[in-house]
>>> print(open('final_16.cif').read())   # mmCIF, C-alpha atoms
data_upload
#
loop_
_atom_site.label_atom_id
_atom_site.label_comp_id
_atom_site.auth_asym_id
_atom_site.auth_seq_id
_atom_site.Cartn_x
_atom_site.Cartn_y
_atom_site.Cartn_z
CA MET A 1 41.19 61.31 31.83
CA ALA A 2 41.65 61.08 28.08
CA LEU A 3 40.70 63.91 25.75
CA ALA A 4 40.06 63.45 22.02
CA ILE A 5 40.19 66.50 19.75
CA THR A 6 38.55 65.31 16.55
CA GLY A 7 37.99 66.56 13.03
CA GLY A 8 40.42 69.47 13.12
CA ARG A 9 43.28 70.64 10.93
CA ILE A 10 46.47 69.64 12.74
CA ILE A 11 49.26 72.14 12.08
CA ASP A 12 52.56 71.21 13.72
CA PRO A 13 55.59 72.79 12.04
CA SER A 14 57.91 71.00 14.48
CA ARG A 15 57.08 67.82 12.56
CA ARG A 16 56.14 69.44 9.23
CA ILE A 17 52.55 68.32 9.65
CA ASP A 18 49.57 70.13 8.16
CA ARG A 19 46.65 67.77 7.62
CA PRO A 20 43.19 66.83 8.86
CA GLY A 21 43.23 64.52 11.85
CA ASP A 22 42.49 63.79 15.47
CA LEU A 23 44.64 64.43 18.51
CA VAL A 24 44.48 62.40 21.71
CA ILE A 25 45.61 63.66 25.11
CA GLU A 26 46.02 61.39 28.11
CA GLY A 27 46.53 63.17 31.40
CA ASP A 28 49.03 65.97 30.79
CA THR A 29 50.68 64.29 27.80
CA ILE A 30 49.98 64.11 24.08
CA ALA A 31 49.31 60.47 23.22
CA GLY A 32 49.24 60.93 19.46
CA GLU A 33 46.70 60.69 16.68
CA ARG A 34 45.31 57.27 17.56
CA LEU A 35 41.86 56.44 18.90
CA ALA A 36 41.22 57.61 22.42
CA ALA A 37 40.37 55.27 25.23
CA LYS A 38 36.70 54.48 25.72
CA GLY A 39 34.98 57.18 27.72
CA ALA A 40 37.33 59.95 26.60
CA GLU A 41 35.96 63.48 26.49
CA ASN A 42 35.50 64.57 22.87
CA ILE A 43 36.10 68.06 21.49
CA ASP A 44 34.73 68.59 18.00
CA ALA A 45 37.36 70.66 16.18
CA THR A 46 35.65 70.77 12.79
CA GLY A 47 36.77 73.95 11.02
CA LEU A 48 39.46 74.64 13.63
CA TRP A 49 43.23 74.58 13.58
CA VAL A 50 44.75 72.33 16.24
CA VAL A 51 48.22 73.69 17.00
CA PRO A 52 50.95 73.51 19.64
CA GLY A 53 50.17 75.89 22.50
CA LEU A 54 51.13 79.46 21.66
CA ILE A 55 54.05 81.01 23.56
CA ASP A 56 54.56 84.75 24.04
CA ALA A 57 58.20 85.54 24.74
CA HIS A 58 57.60 89.13 25.83
CA VAL A 59 54.88 90.31 28.22
CA HIS A 60 54.66 92.80 31.09
CA LEU A 61 52.48 91.52 33.92
CA ARG A 62 53.26 94.43 36.29
CA GLU A 63 53.06 92.39 39.50
CA PRO A 64 54.69 92.94 41.93
CA GLY A 65 54.34 96.66 42.38
CA ASP A 66 52.01 97.93 39.64
CA GLU A 67 48.88 95.87 40.26
CA ARG A 68 46.70 98.86 39.31
CA LYS A 69 47.79 98.17 35.70
CA GLU A 70 47.80 94.37 35.69
CA THR A 71 48.22 91.42 38.01
CA ILE A 72 49.66 88.01 37.33
CA ALA A 73 46.10 86.66 37.55
CA THR A 74 44.58 89.11 35.05
CA GLY A 75 47.60 88.92 32.75
CA LEU A 76 47.56 85.14 32.60
CA ALA A 77 43.78 85.17 32.07
CA ALA A 78 44.35 87.51 29.11
CA ALA A 79 47.06 85.18 27.83
CA ALA A 80 44.75 82.17 28.01
CA ALA A 81 42.00 84.12 26.22
CA GLY A 82 44.51 84.94 23.49
CA GLY A 83 45.47 81.29 23.01
CA PHE A 84 48.76 81.43 24.89
CA THR A 85 49.72 78.43 27.01
CA ALA A 86 52.94 80.10 28.20
CA VAL A 87 54.37 83.59 28.54
CA MET A 88 57.74 85.06 29.45
CA ALA A 89 57.35 87.89 31.95
CA MET A 90 59.71 90.86 31.71
CA PRO A 91 61.51 92.11 34.84
CA ASN A 92 60.42 95.77 34.94
CA THR A 93 58.26 95.20 37.99
CA ARG A 94 58.54 97.13 41.27
CA PRO A 95 60.90 95.98 42.64
CA ALA A 96 62.60 94.78 39.48
CA ASN A 97 63.03 91.04 39.13
CA ASP A 98 66.68 91.13 40.10
CA SER A 99 66.36 88.77 43.08
CA THR A 100 65.45 85.16 43.69
CA GLU A 101 62.60 86.32 45.93
CA VAL A 102 60.81 88.11 43.07
CA THR A 103 61.52 85.28 40.62
CA ARG A 104 60.07 82.68 42.97
CA PHE A 105 57.12 84.88 43.86
CA MET A 106 56.13 85.10 40.18
CA ILE A 107 56.54 81.36 39.62
CA ASP A 108 54.63 80.41 42.77
CA LYS A 109 51.77 82.82 42.03
CA ALA A 110 51.33 81.44 38.51
CA ALA A 111 51.52 77.85 39.75
CA PHE A 112 48.81 78.58 42.33
CA LEU A 113 46.55 79.97 39.60
CA GLY A 114 47.07 76.83 37.53
CA GLY A 115 46.47 78.33 34.09
CA THR A 116 48.86 79.66 31.48
CA ARG A 117 52.49 78.98 32.39
CA LEU A 118 54.71 81.88 33.46
CA TYR A 119 58.45 81.91 32.80
CA PRO A 120 60.24 84.82 34.50
CA VAL A 121 62.87 86.84 32.68
CA ALA A 122 65.30 88.27 35.24
CA ALA A 123 67.01 91.64 35.08
CA ILE A 124 70.49 91.98 33.63
CA THR A 125 71.46 94.65 36.15
CA LEU A 126 70.39 95.46 39.69
CA GLY A 127 67.32 97.65 39.60
CA ARG A 128 67.65 97.68 35.80
CA HIS A 129 69.93 100.67 36.30
CA GLY A 130 72.61 99.42 33.91
CA ARG A 131 75.49 99.61 36.36
CA GLU A 132 75.90 96.39 38.37
CA LEU A 133 75.09 92.87 37.21
CA ALA A 134 72.28 90.95 38.89
CA PRO A 135 73.18 87.51 40.38
CA PHE A 136 72.74 85.48 37.18
CA ALA A 137 73.49 82.02 38.58
CA LYS A 138 71.13 82.41 41.54
CA LEU A 139 68.36 83.78 39.35
CA ALA A 140 68.75 80.93 36.88
CA ALA A 141 68.62 78.40 39.71
CA ALA A 142 65.42 80.07 40.96
CA GLY A 143 63.77 79.62 37.57
CA ALA A 144 64.67 82.59 35.36
CA VAL A 145 64.77 81.53 31.70
CA ALA A 146 66.58 84.58 30.26
CA PHE A 147 67.95 87.99 31.23
CA SER A 148 66.87 91.46 30.09
CA ASP A 149 66.66 95.06 31.25
CA ASP A 150 63.70 95.49 28.92
CA GLY A 151 62.32 98.97 28.91
CA SER A 152 65.90 100.20 28.95
CA GLY A 153 68.87 99.34 26.77
CA VAL A 154 72.16 98.43 28.44
CA ALA A 155 74.27 101.42 27.42
CA ASP A 156 77.57 100.16 28.88
CA ALA A 157 79.21 97.73 26.45
CA ALA A 158 81.34 96.25 29.22
CA ILE A 159 78.20 95.33 31.17
CA ILE A 160 76.55 93.66 28.19
CA GLU A 161 79.76 91.74 27.51
CA GLN A 162 79.79 90.42 31.08
CA ALA A 163 76.09 89.57 30.83
CA LEU A 164 76.52 87.66 27.58
CA THR A 165 79.43 85.73 29.07
CA LEU A 166 77.54 84.73 32.20
CA ALA A 167 74.40 83.79 30.27
CA ARG A 168 76.48 81.74 27.82
CA ASP A 169 78.04 79.78 30.65
CA LEU A 170 74.56 79.11 32.10
CA GLY A 171 73.19 78.06 28.71
CA LEU A 172 70.72 80.96 28.68
CA VAL A 173 69.96 83.99 26.53
CA VAL A 174 70.34 87.74 26.93
CA ILE A 175 67.36 89.67 25.57
CA GLU A 176 68.37 93.17 24.56
CA HIS A 177 66.07 96.15 24.42
CA ALA A 178 67.96 97.84 21.61
CA GLU A 179 67.89 101.54 22.39
CA ASP A 180 70.91 103.80 22.63
CA PRO A 181 69.62 106.63 24.85
CA SER A 182 72.24 109.02 23.50
CA LEU A 183 70.52 108.67 20.11
CA SER A 184 66.87 108.23 21.08
CA ARG A 185 67.22 111.41 23.19
CA GLY A 186 63.78 111.29 24.74
CA GLY A 187 62.00 110.76 21.45
CA VAL A 188 58.35 109.77 21.73
CA ILE A 189 57.53 108.63 18.18
CA HIS A 190 59.49 107.66 15.06
CA GLU A 191 61.76 110.43 13.80
CA GLY A 192 60.36 111.39 10.43
CA GLU A 193 57.70 113.38 8.67
CA VAL A 194 55.01 112.69 11.28
CA SER A 195 57.16 113.73 14.25
CA ARG A 196 58.09 116.93 12.42
CA ARG A 197 54.46 117.61 11.54
CA LEU A 198 53.40 117.15 15.17
CA GLY A 199 56.40 119.01 16.56
CA VAL A 200 57.41 116.25 18.99
CA PRO A 201 60.86 114.71 19.59
CA GLY A 202 61.67 111.84 17.22
CA TRP A 203 63.20 108.41 18.06
CA PRO A 204 65.51 107.58 15.12
CA VAL A 205 66.10 104.06 13.80
CA GLU A 206 69.83 104.56 14.43
CA ALA A 207 69.18 104.32 18.18
CA GLU A 208 68.05 100.74 17.65
CA GLU A 209 70.46 99.74 14.91
CA ARG A 210 73.66 100.98 16.59
CA MET A 211 72.97 98.93 19.71
CA VAL A 212 72.05 95.84 17.69
CA GLU A 213 75.27 96.19 15.71
CA ARG A 214 77.31 96.52 18.93
CA ASP A 215 75.69 93.55 20.63
CA LEU A 216 75.93 91.30 17.59
CA ALA A 217 79.68 91.96 17.43
CA ILE A 218 80.11 91.12 21.13
CA ALA A 219 77.95 87.99 20.91
CA GLU A 220 79.90 86.85 17.85
CA ARG A 221 83.23 87.23 19.62
CA LEU A 222 82.02 85.42 22.74
CA GLY A 223 80.00 82.70 21.03
CA ALA A 224 77.06 83.79 23.19
CA ARG A 225 73.35 83.77 22.43
CA LEU A 226 71.63 87.10 21.88
CA HIS A 227 67.93 87.77 21.40
CA VAL A 228 66.86 91.12 19.95
CA ALA A 229 63.51 92.23 21.33
CA HIS A 230 60.75 94.02 19.37
CA VAL A 231 62.58 94.59 16.08
CA SER A 232 61.20 97.67 14.33
CA SER A 233 63.80 98.71 11.77
CA ALA A 234 64.76 97.60 8.28
CA GLY A 235 68.39 98.12 9.27
CA THR A 236 68.03 95.72 12.19
CA VAL A 237 66.57 93.06 9.90
CA ARG A 238 69.54 93.52 7.58
CA LEU A 239 72.08 93.37 10.42
CA VAL A 240 70.57 90.14 11.73
CA ARG A 241 70.59 88.54 8.26
CA GLU A 242 74.27 89.38 7.87
CA ALA A 243 75.12 88.14 11.37
CA ARG A 244 73.34 84.84 10.81
CA ALA A 245 75.32 84.36 7.61
CA ARG A 246 78.48 84.67 9.73
CA GLY A 247 77.17 82.11 12.24
CA VAL A 248 76.24 84.48 15.05
CA ARG A 249 73.83 82.88 17.54
CA VAL A 250 71.04 85.43 17.38
CA SER A 251 67.27 85.22 17.51
CA THR A 252 64.73 87.98 17.05
CA GLU A 253 61.12 88.89 17.69
CA VAL A 254 58.68 91.39 16.24
CA ALA A 255 55.49 92.69 17.83
CA PRO A 256 52.17 92.58 15.95
CA HIS A 257 51.85 96.36 16.06
CA HIS A 258 55.16 96.77 14.22
CA LEU A 259 53.69 94.59 11.46
CA MET A 260 50.28 96.23 11.25
CA LEU A 261 50.72 99.95 11.94
CA THR A 262 52.97 102.81 10.81
CA ASP A 263 53.82 106.14 12.40
CA GLU A 264 50.96 107.61 10.34
CA ASP A 265 48.62 105.79 12.72
CA VAL A 266 49.80 108.05 15.53
CA LEU A 267 47.82 110.82 13.83
CA ALA A 268 44.61 108.84 14.31
CA HIS A 269 45.28 107.12 17.63
CA GLY A 270 47.57 109.51 19.50
CA PRO A 271 48.97 108.11 22.77
CA MET A 272 47.28 104.73 22.16
CA ALA A 273 49.85 104.28 19.38
CA LYS A 274 52.81 105.41 21.49
CA VAL A 275 55.11 102.41 21.95
CA ASN A 276 58.81 101.74 22.51
CA PRO A 277 60.37 101.24 20.02
CA PRO A 278 57.98 103.50 18.13
CA LEU A 279 55.80 102.64 15.17
CA ARG A 280 57.98 103.18 12.11
CA SER A 281 57.35 104.33 8.55
CA ALA A 282 55.98 102.03 5.86
CA GLU A 283 59.34 100.84 4.52
CA HIS A 284 60.33 99.55 7.95
CA VAL A 285 57.00 97.75 8.37
CA ALA A 286 57.50 96.13 4.97
CA ALA A 287 60.99 94.97 5.97
CA CYS A 288 59.70 93.47 9.23
CA ARG A 289 56.94 91.64 7.38
CA GLU A 290 59.43 90.28 4.85
CA GLY A 291 61.81 89.26 7.63
CA LEU A 292 59.07 87.42 9.50
CA ALA A 293 57.93 85.62 6.37
CA ASP A 294 61.38 84.41 5.32
CA GLY A 295 62.83 83.62 8.76
CA ALA A 296 65.16 86.56 9.36
CA ILE A 297 62.80 87.32 12.27
CA ASP A 298 62.15 84.19 14.31
CA MET A 299 58.99 84.87 16.22
CA VAL A 300 56.15 87.18 17.13
CA ALA A 301 55.95 88.46 20.73
CA THR A 302 53.26 90.87 21.83
CA ASP A 303 55.21 93.18 24.18
CA HIS A 304 51.90 93.26 26.09
CA ALA A 305 52.14 96.47 28.17
CA PRO A 306 48.96 97.30 30.10
CA HIS A 307 48.39 100.82 31.42
CA THR A 308 45.59 102.65 33.17
CA VAL A 309 43.52 105.32 31.44
CA THR A 310 45.43 107.97 33.39
CA ASP A 311 48.77 106.59 32.21
CA LYS A 312 47.76 107.27 28.62
CA GLU A 313 46.60 110.83 29.24
CA GLY A 314 48.57 114.02 28.80
CA GLY A 315 49.32 113.79 25.08
CA LEU A 316 52.26 112.19 23.31
CA LEU A 317 54.89 113.86 25.45
CA LYS A 318 53.53 112.66 28.80
CA ALA A 319 51.67 109.42 28.03
CA ALA A 320 53.25 106.07 28.89
CA PHE A 321 54.73 103.87 26.18
CA GLY A 322 53.00 100.60 25.39
CA LEU A 323 49.83 98.81 24.35
CA VAL A 324 48.10 95.54 25.24
CA GLY A 325 48.49 92.67 22.81
CA LEU A 326 47.69 89.26 24.28
CA GLU A 327 44.04 89.20 23.23
CA THR A 328 44.50 90.60 19.71
CA ALA A 329 47.68 88.87 18.51
CA VAL A 330 46.12 85.80 16.88
CA GLY A 331 43.57 87.85 14.99
CA LEU A 332 46.21 90.27 13.72
CA LEU A 333 48.45 87.44 12.54
CA LEU A 334 45.47 85.79 10.83
CA GLN A 335 45.05 89.05 8.95
CA LEU A 336 48.59 88.60 7.65
CA VAL A 337 47.61 85.09 6.52
CA GLU A 338 44.63 86.58 4.65
CA GLU A 339 46.96 89.10 3.03
CA GLY A 340 49.35 86.36 1.92
CA VAL A 341 52.25 87.54 4.10
CA LEU A 342 52.26 84.35 6.21
CA THR A 343 51.12 80.78 5.59
CA PRO A 344 49.18 79.01 8.37
CA PRO A 345 52.21 76.82 9.26
CA ARG A 346 54.44 79.89 9.41
CA LEU A 347 51.96 81.58 11.77
CA VAL A 348 52.14 78.58 14.10
CA GLU A 349 55.93 78.46 13.81
CA VAL A 350 56.41 82.08 14.85
CA MET A 351 53.85 81.94 17.68
CA SER A 352 54.75 78.55 19.17
CA CYS A 353 57.59 76.46 17.84
CA ALA A 354 60.17 79.23 17.48
CA PRO A 355 59.91 80.69 21.01
CA ALA A 356 59.96 77.20 22.54
CA ARG A 357 63.12 76.38 20.58
CA ALA A 358 64.89 79.71 21.17
CA PHE A 359 64.44 79.67 24.95
CA GLY A 360 64.43 75.92 25.60
CA LEU A 361 60.86 75.87 26.88
CA PRO A 362 58.50 72.88 27.02
CA GLY A 363 55.93 72.81 24.24
CA GLY A 364 56.08 74.05 20.68
CA THR A 365 55.15 70.59 19.38
CA LEU A 366 52.31 68.08 19.23
CA ALA A 367 54.68 65.12 19.16
CA PRO A 368 53.55 62.08 21.15
CA GLY A 369 54.99 62.18 24.65
CA SER A 370 55.24 65.97 24.77
CA ILE A 371 53.43 68.19 27.24
CA ALA A 372 49.76 68.60 26.28
CA ASP A 373 49.75 72.35 25.66
CA VAL A 374 47.37 72.88 22.73
CA THR A 375 45.59 75.86 21.17
CA LEU A 376 42.50 75.64 18.98
CA ILE A 377 42.14 78.50 16.50
CA ASP A 378 39.04 79.36 14.50
CA PRO A 379 40.39 81.18 11.44
CA ALA A 380 36.84 82.20 10.45
CA ALA A 381 35.64 83.62 13.79
CA ARG A 382 35.40 87.19 12.56
CA HIS A 383 35.00 89.70 15.34
CA VAL A 384 35.46 93.34 16.21
CA VAL A 385 38.06 94.23 18.86
CA ASP A 386 36.22 95.45 21.94
CA PRO A 387 38.60 96.36 24.79
CA SER A 388 35.74 96.35 27.31
CA THR A 389 35.66 92.55 26.98
CA PHE A 390 39.38 92.04 27.64
CA CYS A 391 40.48 89.85 30.54
CA SER A 392 43.47 92.15 30.90
CA LYS A 393 43.08 95.22 33.08
CA GLY A 394 44.63 97.17 30.21
CA ARG A 395 42.36 98.72 27.59
CA ASN A 396 45.14 100.61 25.84
CA THR A 397 44.99 99.46 22.23
CA PRO A 398 44.88 101.28 18.90
CA PHE A 399 43.06 98.26 17.44
CA ALA A 400 39.73 98.98 19.15
CA GLY A 401 36.98 98.69 16.56
CA ARG A 402 39.13 96.79 14.06
CA ARG A 403 37.51 93.75 12.47
CA LEU A 404 39.77 90.69 12.71
CA PRO A 405 39.39 87.45 10.75
CA GLY A 406 39.62 84.89 13.56
CA ARG A 407 40.72 84.08 17.09
CA ALA A 408 41.80 81.39 19.53
CA VAL A 409 38.72 79.57 20.84
CA ARG A 410 40.20 77.04 23.29
CA THR A 411 43.43 76.95 25.28
CA ILE A 412 44.62 73.71 26.86
CA VAL A 413 47.50 73.64 29.36
CA ALA A 414 48.87 70.26 30.46
CA GLY A 415 45.70 68.58 29.21
CA ARG A 416 43.32 70.92 31.05
CA THR A 417 41.17 73.55 29.33
CA VAL A 418 41.96 76.97 30.82
CA PHE A 419 39.95 79.02 28.32
CA VAL A 420 37.07 78.37 25.96
CA ALA A 421 35.31 81.04 23.91
#
>>> encode(input="final_16.cif", output="structure tokens")
Amino acid sequence: MALAITGGRIIDPSRRIDRPGDLVIEGDTIAGERLAAKGAENIDATGLWVVPGLIDAHVHLREPGDERKETIATGLAAAAAGGFTAVMAMPNTRPANDSTEVTRFMIDKAAFLGGTRLYPVAAITLGRHGRELAPFAKLAAAGAVAFSDDGSGVADAAIIEQALTLARDLGLVVIEHAEDPSLSRGGVIHEGEVSRRLGVPGWPVEAEERMVERDLAIAERLGARLHVAHVSSAGTVRLVREARARGVRVSTEVAPHHLMLTDEDVLAHGPMAKVNPPLRSAEHVAACREGLADGAIDMVATDHAPHTVTDKEGGLLKAAFGLVGLETAVGLLLQLVEEGVLTPPRLVEVMSCAPARAFGLPGGTLAPGSIADVTLIDPAARHVVDPSTFCSKGRNTPFAGRRLPGRAVRTIVAGRTVFVA
């Protein structure tokens, strides 16, 4: 059946398009901007942005093993409600995604649900323990799209060198959680004035920057592709700029919370603002915003990390790291558009085109013949964040009660609507 999305603002950075127009979908494929066949279903997109389906390159869906926090079903429902047509699921499940059985389980479960696409990220090391490499070739053949020990940095440089070599030969990417544990030393928030005021261990920027510097040097020598997860430091932004100038094959992501909050917000939100890497001071937030605007940072990824109420109890020292982000990301990025940090095309680039390009995923374009993954965004749908309405099991967000300028209002995967507001 044909679908005609009419009267919207088509924003497709992959083709440098930003103009009023119509979009026609036939079956699971984008047919173009011509008239739809007679009898096509019509969607009136007046006042809406019509954009390539959003892709989140960093989510934690918890299943298998931690279904009390999230399941693949609830996580993908949250993704669809946030406008995401595809997500990349991190491997810190129980058991870790270090086997073809877990990889295939995740793919098959998502396929059965038939909504937002799921692309598994496999572990770099067995059990994510940092000692023995996982079977990269088998995991890639099973459907893994990248490798990461996210939640833990790979401390052993020899291991990361082997991982980068294997991933290079498979044409895939290593995603590094940049944290040197000998420097983070059990820190729970950014090392600075706030951590000293609260009397809690601090997590210094050097713990991130030293590992990024190490991995960039190895990737440069090997000609391998490195992706730096959840950038939070001005020094990391600088290191990536310099590496790109030398031709290093590196991509980066930043989470919305590292663009919108500082460590001062820990004073107001306590454990709800405890994340890894931690919220940084204002100068680091400014550097991340600048890097996202000018391209030093490629994309936004939510690092969606659902937890139960109990997980977030016990104060800063005991509470789990992480917050949920799938259902607030578009609104937070629209706030950056309102503030003049991002243009609408740049928002679409960092939430769709860039992750598709960096990881070789379908989508990220509205070009005729491409897969019909489309998101409709209402930039004027002002609303207040209410965690009780989330599709995610997680309610752990410091943005509860914040008024956001807009949201995704329809999510279309392979020509089929999987969410409508």
>>> closest_residue(input="final_16.cif", among="A:Pro91, A:Gly291, A:Pro201, A:Pro306", to="Ser392 of chain A", atoms="only C-alpha atoms")
A:Pro306
>>> closest_atom_pairs(input="final_16.cif", of="segment 271-295 of chain A", to="segment 322-330 of chain A", cutoff="7 Å", atoms="only C-alpha atoms", output="Markdown table")
| residue | atom | partner | partner_atom | distance |
| --- | --- | --- | --- | --- |
| A:Met272 | CA | A:Leu323 | CA | 6.8 |
| A:Lys274 | CA | A:Gly322 | CA | 6.2 |
| A:Val275 | CA | A:Gly322 | CA | 4.4 |
| A:Asn276 | CA | A:Gly322 | CA | 6.6 |
>>> closest_atom_pairs(input="final_16.cif", of="segment 113-212 of chain A", to="segment 65-78 of chain A", cutoff="8 Å", atoms="only C-alpha atoms", output="JSON lines")
{"residue": "A:Leu113", "atom": "CA", "partner": "A:Ala73", "partner_atom": "CA", "distance": 7.0}
{"residue": "A:Gly115", "atom": "CA", "partner": "A:Leu76", "partner_atom": "CA", "distance": 7.1}
{"residue": "A:Thr116", "atom": "CA", "partner": "A:Leu76", "partner_atom": "CA", "distance": 5.7}
{"residue": "A:Arg117", "atom": "CA", "partner": "A:Leu76", "partner_atom": "CA", "distance": 7.9}
{"residue": "A:Leu118", "atom": "CA", "partner": "A:Leu76", "partner_atom": "CA", "distance": 7.9}
>>> residues_around(input="final_16.cif", residues="Pro398 of chain A", least_positions_apart="6", cutoff="10 Å", atoms="only C-alpha atoms", output="ChimeraX atom specification")
/A:257,261,265-266,268-274,323-324,385,387
>>> closest_residue(input="final_16.cif", among="A:Ala86, A:Ala400, A:Ile377, A:Val121", to="Leu139 of chain A", atoms="all atoms listed in the file")
A:Val121
>>> closest_residue(input="final_16.cif", among="A:Leu183, A:Val254, A:Ala96, A:Ala358", to="Gly171 of chain A", atoms="only C-alpha atoms")
A:Ala358
>>> residues_near_point(input="final_16.cif", point="(52.6, 68.2, 27.5)", cutoff="8 Å", atoms="only C-alpha atoms", output="list in words")
Asp28, Thr29, Ile30, Pro362, Gly363, Gly369, Ser370, Ile371, Ala372, Asp373, Val413, Ala414 and Gly415 of chain A
>>> resolve_selection(input="final_16.cif", expression="the PyMOL selection byres ((chain A and resi 229-238) around 8)", output="ChimeraX atom specification")
/A:175-178,205,208-209,212,227-228,239-242,252-255,258,277-280,283-285,287-288,291,296-297,301,303
>>> write_last_selection(input="final_16.cif", atoms="C-alpha atoms", output="PDB file, in the frame of the given file")
ATOM      1  CA  ILE A 175      67.360  89.670  25.570  1.00  0.00           C
ATOM      2  CA  GLU A 176      68.370  93.170  24.560  1.00  0.00           C
ATOM      3  CA  HIS A 177      66.070  96.150  24.420  1.00  0.00           C
ATOM      4  CA  ALA A 178      67.960  97.840  21.610  1.00  0.00           C
ATOM      5  CA  VAL A 205      66.100 104.060  13.800  1.00  0.00           C
ATOM      6  CA  GLU A 208      68.050 100.740  17.650  1.00  0.00           C
ATOM      7  CA  GLU A 209      70.460  99.740  14.910  1.00  0.00           C
ATOM      8  CA  VAL A 212      72.050  95.840  17.690  1.00  0.00           C
ATOM      9  CA  HIS A 227      67.930  87.770  21.400  1.00  0.00           C
ATOM     10  CA  VAL A 228      66.860  91.120  19.950  1.00  0.00           C
ATOM     11  CA  LEU A 239      72.080  93.370  10.420  1.00  0.00           C
ATOM     12  CA  VAL A 240      70.570  90.140  11.730  1.00  0.00           C
ATOM     13  CA  ARG A 241      70.590  88.540   8.260  1.00  0.00           C
ATOM     14  CA  GLU A 242      74.270  89.380   7.870  1.00  0.00           C
ATOM     15  CA  THR A 252      64.730  87.980  17.050  1.00  0.00           C
ATOM     16  CA  GLU A 253      61.120  88.890  17.690  1.00  0.00           C
ATOM     17  CA  VAL A 254      58.680  91.390  16.240  1.00  0.00           C
ATOM     18  CA  ALA A 255      55.490  92.690  17.830  1.00  0.00           C
ATOM     19  CA  HIS A 258      55.160  96.770  14.220  1.00  0.00           C
ATOM     20  CA  PRO A 277      60.370 101.240  20.020  1.00  0.00           C
ATOM     21  CA  PRO A 278      57.980 103.500  18.130  1.00  0.00           C
ATOM     22  CA  LEU A 279      55.800 102.640  15.170  1.00  0.00           C
ATOM     23  CA  ARG A 280      57.980 103.180  12.110  1.00  0.00           C
ATOM     24  CA  GLU A 283      59.340 100.840   4.520  1.00  0.00           C
ATOM     25  CA  HIS A 284      60.330  99.550   7.950  1.00  0.00           C
ATOM     26  CA  VAL A 285      57.000  97.750   8.370  1.00  0.00           C
ATOM     27  CA  ALA A 287      60.990  94.970   5.970  1.00  0.00           C
ATOM     28  CA  CYS A 288      59.700  93.470   9.230  1.00  0.00           C
ATOM     29  CA  GLY A 291      61.810  89.260   7.630  1.00  0.00           C
ATOM     30  CA  ALA A 296      65.160  86.560   9.360  1.00  0.00           C
ATOM     31  CA  ILE A 297      62.800  87.320  12.270  1.00  0.00           C
ATOM     32  CA  ALA A 301      55.950  88.460  20.730  1.00  0.00           C
ATOM     33  CA  ASP A 303      55.210  93.180  24.180  1.00  0.00           C
TER      34      ASP A 303
END
>>> closest_residue(input="final_16.cif", among="A:Arg410, A:Arg403, A:Arg244, A:Arg185", to="Val200 of chain A", atoms="all atoms listed in the file")
A:Arg185
>>> atom_distance(input="final_16.cif", atom1="atom CA of Asp56 of chain A", atom2="atom CA of Asp150 of chain A")
14.9 Å
>>> closest_residue(input="final_16.cif", among="A:Val418, A:Ile5, A:Ala122, A:Ala219", to="Arg246 of chain A", atoms="only C-alpha atoms")
A:Ala219
>>> resolve_selection(input="final_16.cif", expression="the PyMOL selection byres ((chain A and resi 7) around 8)", output="PyMOL selection string")
chain A and resi 5-6+8-9+20-22+44-47
>>> atom_distance(input="final_16.cif", atom1="atom CA of Pro52 of chain A", atom2="atom CA of Ser352 of chain A")
6.3 Å
>>> closest_residue(input="final_16.cif", among="A:Ala421, A:Glu339, A:Val145, A:Leu366", to="Thr389 of chain A", atoms="only C-alpha atoms")
A:Ala421
>>> closest_atom_pairs(input="final_16.cif", of="segment 230-258 of chain A", to="segment 223-226 of chain A", cutoff="10 Å", atoms="only C-alpha atoms", output="CSV")
residue,atom,partner,partner_atom,distance
A:Gly247,CA,A:Gly223,CA,9.3
A:Val248,CA,A:Gly223,CA,7.3
A:Arg249,CA,A:Arg225,CA,5.0
A:Val250,CA,A:Leu226,CA,4.8
A:Ser251,CA,A:Leu226,CA,6.5
A:Thr252,CA,A:Leu226,CA,8.5
>>> build_atoms(input="final_16.cif", residues="segment 80-86 of chain A", atoms="N, CA and C atoms", output="compact mmCIF listing (two decimals), in the coordinates of the input")
# COMPACT_ATOMS: atom_id res chain seq x y z
N ALA A 80 45.56 83.34 28.34
CA ALA A 80 44.75 82.17 28.01
C ALA A 80 43.67 82.53 26.99
N ALA A 81 43.03 83.69 27.16
CA ALA A 81 42.00 84.12 26.22
C ALA A 81 42.56 84.39 24.83
N GLY A 82 43.86 84.72 24.77
CA GLY A 82 44.51 84.94 23.49
C GLY A 82 45.08 83.70 22.87
N GLY A 83 44.96 82.54 23.54
CA GLY A 83 45.47 81.29 23.01
C GLY A 83 46.86 80.92 23.48
N PHE A 84 47.39 81.67 24.44
CA PHE A 84 48.76 81.43 24.89
C PHE A 84 48.78 80.46 26.08
N THR A 85 49.54 79.40 25.92
CA THR A 85 49.72 78.43 27.01
C THR A 85 50.92 78.76 27.88
N ALA A 86 51.76 79.69 27.43
CA ALA A 86 52.94 80.10 28.20
C ALA A 86 53.33 81.51 27.81
